[in-house]
file query-v1.cif (mmCIF, C-alpha atoms)
data_run
#
loop_
_atom_site.label_atom_id
_atom_site.label_comp_id
_atom_site.auth_asym_id
_atom_site.auth_seq_id
_atom_site.Cartn_x
_atom_site.Cartn_y
_atom_site.Cartn_z
CA MET R 1 169.85 57.13 76.00
CA GLU R 2 172.84 58.60 77.77
CA SER R 3 176.28 57.06 77.38
CA ASN R 4 179.76 58.03 78.35
CA PRO R 5 182.01 58.68 75.36
CA VAL R 6 184.64 55.96 74.93
CA GLN R 7 188.14 57.14 74.08
CA GLN R 8 189.26 55.17 71.07
CA ASN R 9 192.57 53.35 70.96
CA PRO R 10 192.85 51.87 67.44
CA ASP R 11 195.21 49.16 68.70
CA ASP R 12 192.78 47.94 71.35
CA PRO R 13 190.00 45.72 69.89
CA ARG R 14 187.83 46.32 72.94
CA SER R 15 188.02 50.08 72.45
CA VAL R 16 187.40 49.80 68.68
CA LEU R 17 184.27 47.70 69.27
CA ALA R 18 183.03 49.98 72.04
CA VAL R 19 183.33 53.09 69.88
CA ALA R 20 181.54 51.39 66.97
CA ASP R 21 178.75 50.21 69.29
CA GLN R 22 178.48 53.71 70.67
CA ALA R 23 177.94 55.15 67.18
CA ARG R 24 175.20 52.58 66.56
CA GLN R 25 173.54 53.38 69.89
CA ARG R 26 173.77 57.10 69.11
CA LEU R 27 171.81 56.53 65.91
CA ALA R 28 169.21 54.26 67.53
CA ALA R 29 168.80 56.51 70.57
CA GLY R 30 168.07 59.48 68.33
CA LEU R 31 165.18 57.78 66.53
CA ARG R 32 161.66 58.90 67.40
CA LEU R 33 158.29 57.31 66.70
CA PRO R 34 155.76 59.65 65.06
CA ALA R 35 153.41 61.32 67.54
CA GLY R 36 150.17 59.42 68.03
CA LEU R 37 151.45 56.24 66.43
CA HIS R 38 150.04 53.84 69.00
CA PRO R 39 146.49 55.25 69.24
CA ALA R 40 146.30 55.52 65.43
CA LEU R 41 147.56 51.97 64.96
CA ALA R 42 145.19 50.61 67.63
CA ALA R 43 142.24 52.35 65.97
CA ALA R 44 143.21 51.17 62.48
CA VAL R 45 143.58 47.55 63.61
CA ALA R 46 140.30 47.70 65.52
CA ILE R 47 138.51 49.03 62.42
CA GLN R 48 140.11 46.36 60.23
CA ILE R 49 139.13 43.53 62.60
CA GLY R 50 135.57 44.82 63.02
CA ALA R 51 135.12 45.37 59.27
CA ALA R 52 136.53 41.94 58.38
CA ALA R 53 134.32 40.20 60.96
CA TYR R 54 131.26 42.01 59.61
CA GLY R 55 132.18 41.18 56.02
CA ILE R 56 132.81 37.49 56.69
CA ALA R 57 129.57 37.08 58.63
CA ASN R 58 127.51 39.11 56.16
CA HIS R 59 128.21 37.26 52.87
CA THR R 60 127.09 40.15 50.72
CA THR R 61 128.70 42.57 48.31
CA ALA R 62 128.26 45.28 50.92
CA GLY R 63 130.03 43.05 53.44
CA LEU R 64 132.90 42.54 51.02
CA ALA R 65 133.13 46.29 50.46
CA VAL R 66 133.20 46.95 54.22
CA ALA R 67 135.92 44.32 54.75
CA LEU R 68 138.07 45.73 51.94
CA ALA R 69 137.53 49.26 53.25
CA GLY R 70 138.82 48.07 56.64
CA VAL R 71 141.97 46.71 55.00
CA ALA R 72 142.41 49.94 53.04
CA ILE R 73 142.11 52.07 56.20
CA PHE R 74 144.63 49.90 58.01
CA MET R 75 147.09 49.96 55.09
CA GLY R 76 146.66 53.71 54.76
CA VAL R 77 147.41 54.34 58.43
CA ALA R 78 150.39 51.94 58.33
CA ALA R 79 151.82 53.56 55.19
CA LEU R 80 151.40 57.07 56.61
CA THR R 81 153.01 56.04 59.90
CA LEU R 82 156.01 54.52 58.17
CA TYR R 83 156.37 57.51 55.86
CA ARG R 84 156.34 59.87 58.86
CA PHE R 85 158.91 57.72 60.68
CA GLN R 86 161.22 57.79 57.68
CA ARG R 87 160.76 61.53 57.21
CA ILE R 88 161.34 62.38 60.88
CA ASN R 89 164.38 60.16 61.35
CA GLY R 90 166.04 59.82 57.95
CA VAL R 91 166.18 56.03 58.28
CA ARG R 92 164.13 53.03 57.22
CA VAL R 93 163.85 50.07 59.63
CA ASP R 94 162.32 46.96 58.05
CA GLY R 95 161.79 45.46 61.51
CA LEU R 96 159.42 48.32 62.36
CA THR R 97 157.66 47.93 59.02
CA SER R 98 157.09 44.23 59.69
CA GLN R 99 155.89 44.94 63.20
CA ILE R 100 153.40 47.62 62.14
CA VAL R 101 152.07 46.05 58.95
CA LEU R 102 152.32 42.34 59.72
CA GLY R 103 152.29 42.33 63.52
CA THR R 104 155.21 39.92 63.49
CA GLY R 105 155.84 40.11 67.25
CA LEU R 106 154.28 37.44 69.47
CA THR R 107 152.15 39.93 71.42
CA SER R 108 150.72 41.53 68.29
CA THR R 109 150.11 38.19 66.59
CA LEU R 110 148.30 36.69 69.59
CA ALA R 111 146.25 39.85 70.13
CA TYR R 112 145.26 40.01 66.47
CA VAL R 113 144.44 36.33 65.96
CA GLY R 114 142.52 36.10 69.24
CA ALA R 115 140.54 39.26 68.60
CA PHE R 116 139.85 38.36 64.97
CA GLY R 117 138.52 34.93 65.96
CA ALA R 118 136.36 36.35 68.75
CA ALA R 119 135.03 39.17 66.56
CA THR R 120 134.18 36.81 63.70
CA TRP R 121 132.36 34.41 66.03
CA ALA R 122 130.47 37.32 67.60
CA ALA R 123 129.53 38.66 64.16
CA PHE R 124 128.04 35.29 63.17
CA GLU R 125 126.05 35.42 66.43
CA SER R 126 125.06 39.03 65.70
CA ARG R 127 126.51 40.18 69.02
CA TRP R 128 127.77 43.47 67.71
CA TRP R 129 128.83 44.89 71.07
CA LEU R 130 131.16 41.87 71.39
CA VAL R 131 132.52 42.46 67.87
CA ALA R 132 133.36 46.02 68.88
CA ALA R 133 134.89 44.94 72.20
CA ALA R 134 137.05 42.24 70.54
CA ALA R 135 138.14 44.65 67.80
CA VAL R 136 139.18 47.31 70.32
CA ALA R 137 141.01 44.73 72.45
CA GLY R 138 142.80 43.45 69.33
CA GLY R 139 143.81 46.96 68.33
CA VAL R 140 145.14 47.82 71.78
CA GLY R 141 147.03 44.52 72.02
CA TYR R 142 148.50 45.00 68.56
CA ALA R 143 149.69 48.51 69.41
CA PHE R 144 151.10 47.26 72.72
CA GLY R 145 153.07 44.64 70.78
CA THR R 146 154.55 47.42 68.66
CA LEU R 147 155.51 49.33 71.78
CA ARG R 148 157.24 46.24 73.18
CA TRP R 149 159.11 45.75 69.91
CA TRP R 150 160.25 49.38 69.99
CA HIS R 151 161.73 48.98 73.48
CA ALA R 152 163.51 45.79 72.38
CA TYR R 153 164.85 47.57 69.29
CA ARG R 154 166.18 50.49 71.30
CA HIS R 155 167.94 48.02 73.61
CA ASP R 156 169.53 45.97 70.79
CA PRO R 157 169.01 47.68 67.40
CA ALA R 158 171.08 45.29 65.29
CA ALA R 159 169.11 42.24 66.45
CA HIS R 160 165.72 43.81 65.67
CA ALA R 161 166.41 45.96 62.60
CA GLY R 162 165.71 43.23 60.05
CA GLY R 163 162.31 42.48 58.63
CA VAL R 164 160.27 42.20 55.50
CA SER R 165 161.33 44.52 52.67
CA PRO R 166 158.84 47.05 51.21
CA ARG R 167 158.59 45.04 47.95
CA MET R 168 157.75 41.84 49.81
CA LEU R 169 155.21 43.76 51.87
CA ALA R 170 153.50 45.09 48.75
CA ALA R 171 153.28 41.53 47.41
CA LEU R 172 151.88 40.29 50.73
CA ALA R 173 149.32 43.11 50.80
CA VAL R 174 148.05 42.10 47.36
CA LEU R 175 147.92 38.45 48.44
CA ALA R 176 146.04 39.39 51.63
CA CYS R 177 143.42 41.34 49.67
CA LEU R 178 143.00 38.48 47.19
CA GLY R 179 142.73 36.01 50.06
CA LEU R 180 140.09 38.13 51.78
CA VAL R 181 138.06 38.37 48.57
CA ALA R 182 138.35 34.59 48.05
CA LEU R 183 137.25 33.97 51.64
CA LEU R 184 134.24 36.22 51.27
CA VAL R 185 133.25 34.84 47.87
CA ALA R 186 133.64 31.22 49.05
CA GLY R 187 131.71 31.99 52.23
CA MET X 1 188.11 30.67 63.73
CA ALA X 2 186.67 33.96 62.51
CA LYS X 3 188.95 36.17 60.40
CA LEU X 4 189.57 39.89 60.55
CA ASP X 5 188.35 41.70 57.45
CA PRO X 6 190.96 44.23 56.26
CA LEU X 7 188.31 46.36 54.56
CA ILE X 8 186.44 47.10 57.78
CA HIS X 9 189.37 46.79 60.15
CA ALA X 10 189.92 50.55 60.11
CA PRO X 11 187.92 51.89 63.07
CA ALA X 12 186.08 54.48 60.96
CA ARG X 13 184.89 51.83 58.47
CA LEU X 14 183.86 49.53 61.31
CA GLN X 15 181.80 52.38 62.75
CA VAL X 16 180.05 52.89 59.41
CA VAL X 17 179.00 49.26 59.01
CA THR X 18 178.18 48.83 62.71
CA THR X 19 175.94 51.90 62.65
CA LEU X 20 174.24 50.76 59.46
CA SER X 21 173.47 47.41 61.10
CA ALA X 22 170.90 49.23 63.27
CA VAL X 23 168.74 50.16 60.28
CA SER X 24 167.76 48.92 56.83
CA GLU X 25 168.73 52.19 55.19
CA ALA X 26 169.94 55.53 56.46
CA GLU X 27 170.00 58.87 54.79
CA PHE X 28 173.55 60.18 54.21
CA ALA X 29 173.09 63.16 56.55
CA THR X 30 171.64 60.97 59.32
CA LEU X 31 174.59 58.59 59.09
CA ARG X 32 177.06 61.48 59.04
CA ALA X 33 175.49 62.95 62.20
CA ALA X 34 175.58 59.60 64.02
CA LEU X 35 179.23 59.09 63.09
CA GLU X 36 180.21 62.72 63.68
CA VAL X 37 182.35 62.90 60.53
CA SER X 38 182.51 65.22 57.53
CA ASP X 39 180.73 64.67 54.20
CA SER X 40 183.97 63.92 52.41
CA VAL X 41 185.18 61.37 54.97
CA LEU X 42 181.88 59.53 54.94
CA SER X 43 181.70 59.62 51.12
CA LYS X 44 185.15 58.08 50.88
CA HIS X 45 184.30 55.23 53.24
CA VAL X 46 180.92 54.58 51.63
CA SER X 47 182.52 54.43 48.17
CA ALA X 48 185.12 51.91 49.33
CA LEU X 49 182.48 49.78 51.05
CA ALA X 50 180.17 49.98 48.03
CA ASP X 51 182.99 48.87 45.72
CA ALA X 52 183.43 45.80 47.91
CA GLY X 53 179.69 45.10 47.85
CA TYR X 54 179.30 45.70 51.59
CA VAL X 55 176.91 48.64 51.24
CA ARG X 56 174.46 49.79 48.59
CA SER X 57 173.40 53.36 47.93
CA ARG X 58 170.53 54.89 46.00
CA LYS X 59 169.35 58.37 45.25
CA GLY X 60 166.07 59.44 46.78
CA VAL X 61 164.09 62.36 48.11
CA GLN X 62 163.81 63.22 51.80
CA ALA X 63 161.59 66.11 52.94
CA GLY X 64 161.56 67.50 49.42
CA ARG X 65 165.30 67.47 48.82
CA ARG X 66 167.47 65.01 46.92
CA THR X 67 169.56 62.77 49.07
CA THR X 68 171.41 59.48 49.16
CA TRP X 69 170.21 56.43 51.08
CA ILE X 70 172.76 53.90 52.26
CA GLY X 71 172.18 50.37 53.53
CA LEU X 72 174.24 47.31 54.41
CA THR X 73 174.08 44.43 51.96
CA SER X 74 173.83 40.84 53.18
CA ALA X 75 177.53 40.48 52.34
CA GLY X 76 178.24 43.52 54.50
CA ARG X 77 176.25 42.11 57.42
CA GLU X 78 178.09 38.82 57.16
CA ALA X 79 181.46 40.59 56.96
CA LEU X 80 180.58 42.63 60.06
CA ARG X 81 179.46 39.54 61.98
CA GLU X 82 182.68 37.70 61.12
CA HIS X 83 184.91 40.68 61.89
CA VAL X 84 183.27 41.34 65.26
CA ALA X 85 183.60 37.65 66.14
CA ALA X 86 187.31 37.80 65.27
CA LEU X 87 187.80 40.92 67.40
CA ARG X 88 186.02 39.23 70.33
CA GLN X 89 188.30 36.22 69.97
CA LEU X 90 191.31 38.55 70.13
CA ILE X 91 189.89 40.15 73.28
CA ASP X 92 189.33 36.72 74.84
CA MET X 93 192.91 35.70 74.04
CA VAL X 94 194.28 38.86 75.66
CA ASP X 95 192.06 38.30 78.72
#

call {"tool": "encode", "arguments": {"input": "query-v1.cif", "output": "structure tokens"}}
result
Amino acid sequence: MESNPVQQNPDDPRSVLAVADQARQRLAAGLRLPAGLHPALAAAVAIQIGAAAYGIANHTTAGLAVALAGVAIFMGVAALTLYRFQRINGVRVDGLTSQIVLGTGLTSTLAYVGAFGAATWAAFESRWWLVAAAAVAGGVGYAFGTLRWWHAYRHDPAAHAGGVSPRMLAALAVLACLGLVALLVAG
Amino acid sequence: MAKLDPLIHAPARLQVVTTLSAVSEAEFATLRAALEVSDSVLSKHVSALADAGYVRSRKGVQAGRRTTWIGLTSAGREALREHVAALRQLIDMVD
């Protein structure tokens, strides 16, 4: 992101604000997403959706294991992605963490929920090609949502930097796994 | 009416908190590069802001070396929001 340097006049509030904004933009403009983030995230989400749909429809210990393996793969890819982002850039952005792990953006949420519902229905009907298609569509939509969030963040970093803290995420991950187990056992 | 905050009224301090508002935490060297200041200048400002509870810092490891991570606290974000609002009011009055 190119910008013209603003000459600071400490007595001029407009100049003081402009210089401060410029420093913030300089930081945000220098941030880079890890290479291959979007394909890796799309694949991980697709695997998680497909595995969960199979596990829910299957009602067996093997199904439970497959569903939990899907969650583990997704969490592993998400954790690696966030670690690489932090290592490359020297910053942590909770908004990105929330977007990648929880899919908090509207696009990601709609893509995930729609694909998960379609994949689960298809799994109960044993239409496995449809499970795969829904999972892939969900993964691509989820990754597209992350891309949209990234553009919004680069445009206005302060408004999009906030999100769920790593501790809260760890707690949510445990809850999600317990919820999945309960769903499978009850089913 | 929003009030100016004397602690972040100095342009350099305002730059520190404004830049930190873009992230949850930044490594010391990353922040120094974005602000284009020396280690000692940044350390001084971070210490003053930490004493006021506007920023928090913690030791960590980045790419195998020890470093310091700095982030705005909720009090710091609120102070920044209020200060920027006060500056904008001043600009509006001048205009």

call {"tool": "closest_residue", "arguments": {"input": "query-v1.cif", "among": "R:His155, R:His59, R:Arg148, R:Arg24", "to": "Thr30 in chain X", "atoms": "all atoms listed in the file"}}
result
R:Arg24

call {"tool": "residues_near_point", "arguments": {"input": "query-v1.cif", "point": "(136.5, 38.0, 63.4)", "cutoff": "10 Å", "atoms": "all atoms listed in the file", "output": "count of residues only"}}
result
26

call {"tool": "closest_residue", "arguments": {"input": "query-v1.cif", "among": "X:Gln15, X:Thr68, X:Gln89, X:Ser47", "to": "chain R", "atoms": "only C-alpha atoms"}}
result
X:Gln15

call {"tool": "residues_around", "arguments": {"input": "query-v1.cif", "residues": "range 7-10 of chain X", "least_positions_apart": "2", "cutoff": "10 Å", "atoms": "all atoms listed in the file", "output": "list of chain:residue names"}}
result
R:Pro10, R:Pro13, R:Val16, X:Leu4, X:Asp5, X:Ala12, X:Arg13, X:Leu14, X:Gln15, X:Val16, X:Val17, X:Thr18, X:His45, X:Ala48, X:Leu49, X:Ala52, X:Tyr54, X:Gly76, X:Ala79, X:Leu80, X:His83, X:Val84, X:Leu87

call {"tool": "resolve_selection", "arguments": {"input": "query-v1.cif", "expression": "the PyMOL selection byres ((chain X) within 7 of (chain R))", "output": "PyMOL selection string"}}
result
chain X and resi 11+14-15+18-19+21-27+30+34-35+62-63+87+91

call {"tool": "residues_near_point", "arguments": {"input": "query-v1.cif", "point": "(159.0, 57.6, 63.7)", "cutoff": "6 Å", "atoms": "all atoms listed in the file", "output": "PyMOL selection string"}}
result
chain R and resi 32-34+84-85

call {"tool": "residues_around", "arguments": {"input": "query-v1.cif", "residues": "Thr67 in chain X", "least_positions_apart": "3", "cutoff": "9 Å", "atoms": "only C-alpha atoms", "output": "PyMOL selection string"}}
result
chain X and resi 27-29+58-62

call {"tool": "write_last_selection", "arguments": {"input": "query-v1.cif", "atoms": "C-alpha atoms", "output": "tab-separated table (two decimals), keeping the file's coordinate frame"}}
result
chain	number	residue	atom	x	y	z
X	27	GLU	CA	170.00	58.87	54.79
X	28	PHE	CA	173.55	60.18	54.21
X	29	ALA	CA	173.09	63.16	56.55
X	58	ARG	CA	170.53	54.89	46.00
X	59	LYS	CA	169.35	58.37	45.25
X	60	GLY	CA	166.07	59.44	46.78
X	61	VAL	CA	164.09	62.36	48.11
X	62	GLN	CA	163.81	63.22	51.80

call {"tool": "atom_distance", "arguments": {"input": "query-v1.cif", "atom1": "CA of Asp95 in chain X", "atom2": "CA of Pro6 in chain X"}}
result
23.3 Å

call {"tool": "resolve_selection", "arguments": {"input": "query-v1.cif", "expression": "the PyMOL selection byres ((chain R and resi 45) around 8)", "output": "PyMOL selection string"}}
result
chain R and resi 41-44+46-49+74+135+138-139+142

call {"tool": "atom_distance", "arguments": {"input": "query-v1.cif", "atom1": "CA of Val136 in chain R", "atom2": "CA of Pro39 in chain R"}}
result
10.8 Å

call {"tool": "axis_aligned_box", "arguments": {"input": "query-v1.cif", "around": "range 49-63 of chain R", "padding_each_side": "3 Å", "output": "AutoDock Vina command-line options"}}
result
--center_x 133.1 --center_y 41.2 --center_z 55.7 --size_x 18.0 --size_y 14.3 --size_z 20.7

call {"tool": "atom_distance", "arguments": {"input": "query-v1.cif", "atom1": "CA of Leu169 in chain R", "atom2": "CA of Arg77 in chain X"}}
result
21.8 Å

call {"tool": "build_atoms", "arguments": {"input": "query-v1.cif", "residues": "range 159-186 of chain R", "atoms": "N, CA and C atoms", "output": "PDB file, in the coordinates of the input"}}
result
ATOM      1  N   ALA R 159     169.845  43.509  66.408  1.00  0.00           N
ATOM      2  CA  ALA R 159     169.110  42.240  66.450  1.00  0.00           C
ATOM      3  C   ALA R 159     167.671  42.394  65.963  1.00  0.00           C
ATOM      4  N   HIS R 160     167.138  43.620  65.994  1.00  0.00           N
ATOM      5  CA  HIS R 160     165.720  43.810  65.670  1.00  0.00           C
ATOM      6  C   HIS R 160     165.485  44.656  64.417  1.00  0.00           C
ATOM      7  N   ALA R 161     166.576  45.065  63.757  1.00  0.00           N
ATOM      8  CA  ALA R 161     166.410  45.960  62.600  1.00  0.00           C
ATOM      9  C   ALA R 161     165.837  45.244  61.379  1.00  0.00           C
ATOM     10  N   GLY R 162     166.118  43.969  61.255  1.00  0.00           N
ATOM     11  CA  GLY R 162     165.710  43.230  60.050  1.00  0.00           C
ATOM     12  C   GLY R 162     164.222  42.960  60.014  1.00  0.00           C
ATOM     13  N   GLY R 163     163.728  42.790  58.793  1.00  0.00           N
ATOM     14  CA  GLY R 163     162.310  42.480  58.630  1.00  0.00           C
ATOM     15  C   GLY R 163     161.987  42.306  57.165  1.00  0.00           C
ATOM     16  N   VAL R 164     160.722  42.382  56.873  1.00  0.00           N
ATOM     17  CA  VAL R 164     160.270  42.200  55.500  1.00  0.00           C
ATOM     18  C   VAL R 164     160.515  43.490  54.706  1.00  0.00           C
ATOM     19  N   SER R 165     161.033  43.347  53.489  1.00  0.00           N
ATOM     20  CA  SER R 165     161.330  44.520  52.670  1.00  0.00           C
ATOM     21  C   SER R 165     160.031  45.133  52.140  1.00  0.00           C
ATOM     22  N   PRO R 166     160.051  46.410  51.736  1.00  0.00           N
ATOM     23  CA  PRO R 166     158.840  47.050  51.210  1.00  0.00           C
ATOM     24  C   PRO R 166     158.254  46.307  50.001  1.00  0.00           C
ATOM     25  N   ARG R 167     159.105  45.771  49.119  1.00  0.00           N
ATOM     26  CA  ARG R 167     158.590  45.040  47.950  1.00  0.00           C
ATOM     27  C   ARG R 167     157.836  43.790  48.376  1.00  0.00           C
ATOM     28  N   MET R 168     158.415  43.058  49.322  1.00  0.00           N
ATOM     29  CA  MET R 168     157.750  41.840  49.810  1.00  0.00           C
ATOM     30  C   MET R 168     156.431  42.209  50.486  1.00  0.00           C
ATOM     31  N   LEU R 169     156.446  43.329  51.207  1.00  0.00           N
ATOM     32  CA  LEU R 169     155.210  43.760  51.870  1.00  0.00           C
ATOM     33  C   LEU R 169     154.114  44.082  50.866  1.00  0.00           C
ATOM     34  N   ALA R 170     154.486  44.753  49.785  1.00  0.00           N
ATOM     35  CA  ALA R 170     153.500  45.090  48.750  1.00  0.00           C
ATOM     36  C   ALA R 170     152.898  43.802  48.182  1.00  0.00           C
ATOM     37  N   ALA R 171     153.757  42.813  47.946  1.00  0.00           N
ATOM     38  CA  ALA R 171     153.280  41.530  47.410  1.00  0.00           C
ATOM     39  C   ALA R 171     152.347  40.855  48.417  1.00  0.00           C
ATOM     40  N   LEU R 172     152.719  40.904  49.695  1.00  0.00           N
ATOM     41  CA  LEU R 172     151.880  40.290  50.730  1.00  0.00           C
ATOM     42  C   LEU R 172     150.542  41.009  50.867  1.00  0.00           C
ATOM     43  N   ALA R 173     150.570  42.334  50.705  1.00  0.00           N
ATOM     44  CA  ALA R 173     149.320  43.110  50.800  1.00  0.00           C
ATOM     45  C   ALA R 173     148.355  42.703  49.690  1.00  0.00           C
ATOM     46  N   VAL R 174     148.896  42.534  48.481  1.00  0.00           N
ATOM     47  CA  VAL R 174     148.050  42.100  47.360  1.00  0.00           C
ATOM     48  C   VAL R 174     147.495  40.715  47.642  1.00  0.00           C
ATOM     49  N   LEU R 175     148.357  39.818  48.122  1.00  0.00           N
ATOM     50  CA  LEU R 175     147.920  38.450  48.440  1.00  0.00           C
ATOM     51  C   LEU R 175     146.829  38.466  49.523  1.00  0.00           C
ATOM     52  N   ALA R 176     147.019  39.322  50.534  1.00  0.00           N
ATOM     53  CA  ALA R 176     146.040  39.390  51.630  1.00  0.00           C
ATOM     54  C   ALA R 176     144.679  39.847  51.110  1.00  0.00           C
ATOM     55  N   CYS R 177     144.690  40.850  50.231  1.00  0.00           N
ATOM     56  CA  CYS R 177     143.420  41.340  49.670  1.00  0.00           C
ATOM     57  C   CYS R 177     142.755  40.247  48.825  1.00  0.00           C
ATOM     58  N   LEU R 178     143.557  39.556  48.014  1.00  0.00           N
ATOM     59  CA  LEU R 178     143.000  38.480  47.190  1.00  0.00           C
ATOM     60  C   LEU R 178     142.437  37.367  48.075  1.00  0.00           C
ATOM     61  N   GLY R 179     143.178  37.055  49.144  1.00  0.00           N
ATOM     62  CA  GLY R 179     142.730  36.010  50.060  1.00  0.00           C
ATOM     63  C   GLY R 179     141.418  36.386  50.744  1.00  0.00           C
ATOM     64  N   LEU R 180     141.317  37.659  51.121  1.00  0.00           N
ATOM     65  CA  LEU R 180     140.090  38.130  51.780  1.00  0.00           C
ATOM     66  C   LEU R 180     138.903  38.035  50.819  1.00  0.00           C
ATOM     67  N   VAL R 181     139.133  38.448  49.575  1.00  0.00           N
ATOM     68  CA  VAL R 181     138.060  38.370  48.570  1.00  0.00           C
ATOM     69  C   VAL R 181     137.647  36.909  48.370  1.00  0.00           C
ATOM     70  N   ALA R 182     138.645  36.006  48.256  1.00  0.00           N
ATOM     71  CA  ALA R 182     138.350  34.590  48.050  1.00  0.00           C
ATOM     72  C   ALA R 182     137.551  34.033  49.220  1.00  0.00           C
ATOM     73  N   LEU R 183     137.949  34.443  50.436  1.00  0.00           N
ATOM     74  CA  LEU R 183     137.250  33.970  51.640  1.00  0.00           C
ATOM     75  C   LEU R 183     135.794  34.425  51.649  1.00  0.00           C
ATOM     76  N   LEU R 184     135.601  35.676  51.259  1.00  0.00           N
ATOM     77  CA  LEU R 184     134.240  36.220  51.270  1.00  0.00           C
ATOM     78  C   LEU R 184     133.386  35.604  50.157  1.00  0.00           C
ATOM     79  N   VAL R 185     133.996  35.415  48.985  1.00  0.00           N
ATOM     80  CA  VAL R 185     133.250  34.840  47.870  1.00  0.00           C
ATOM     81  C   VAL R 185     132.887  33.380  48.180  1.00  0.00           C
ATOM     82  N   ALA R 186     133.886  32.636  48.719  1.00  0.00           N
ATOM     83  CA  ALA R 186     133.640  31.220  49.050  1.00  0.00           C
ATOM     84  C   ALA R 186     132.605  31.108  50.158  1.00  0.00           C
TER      85      ALA R 186
END
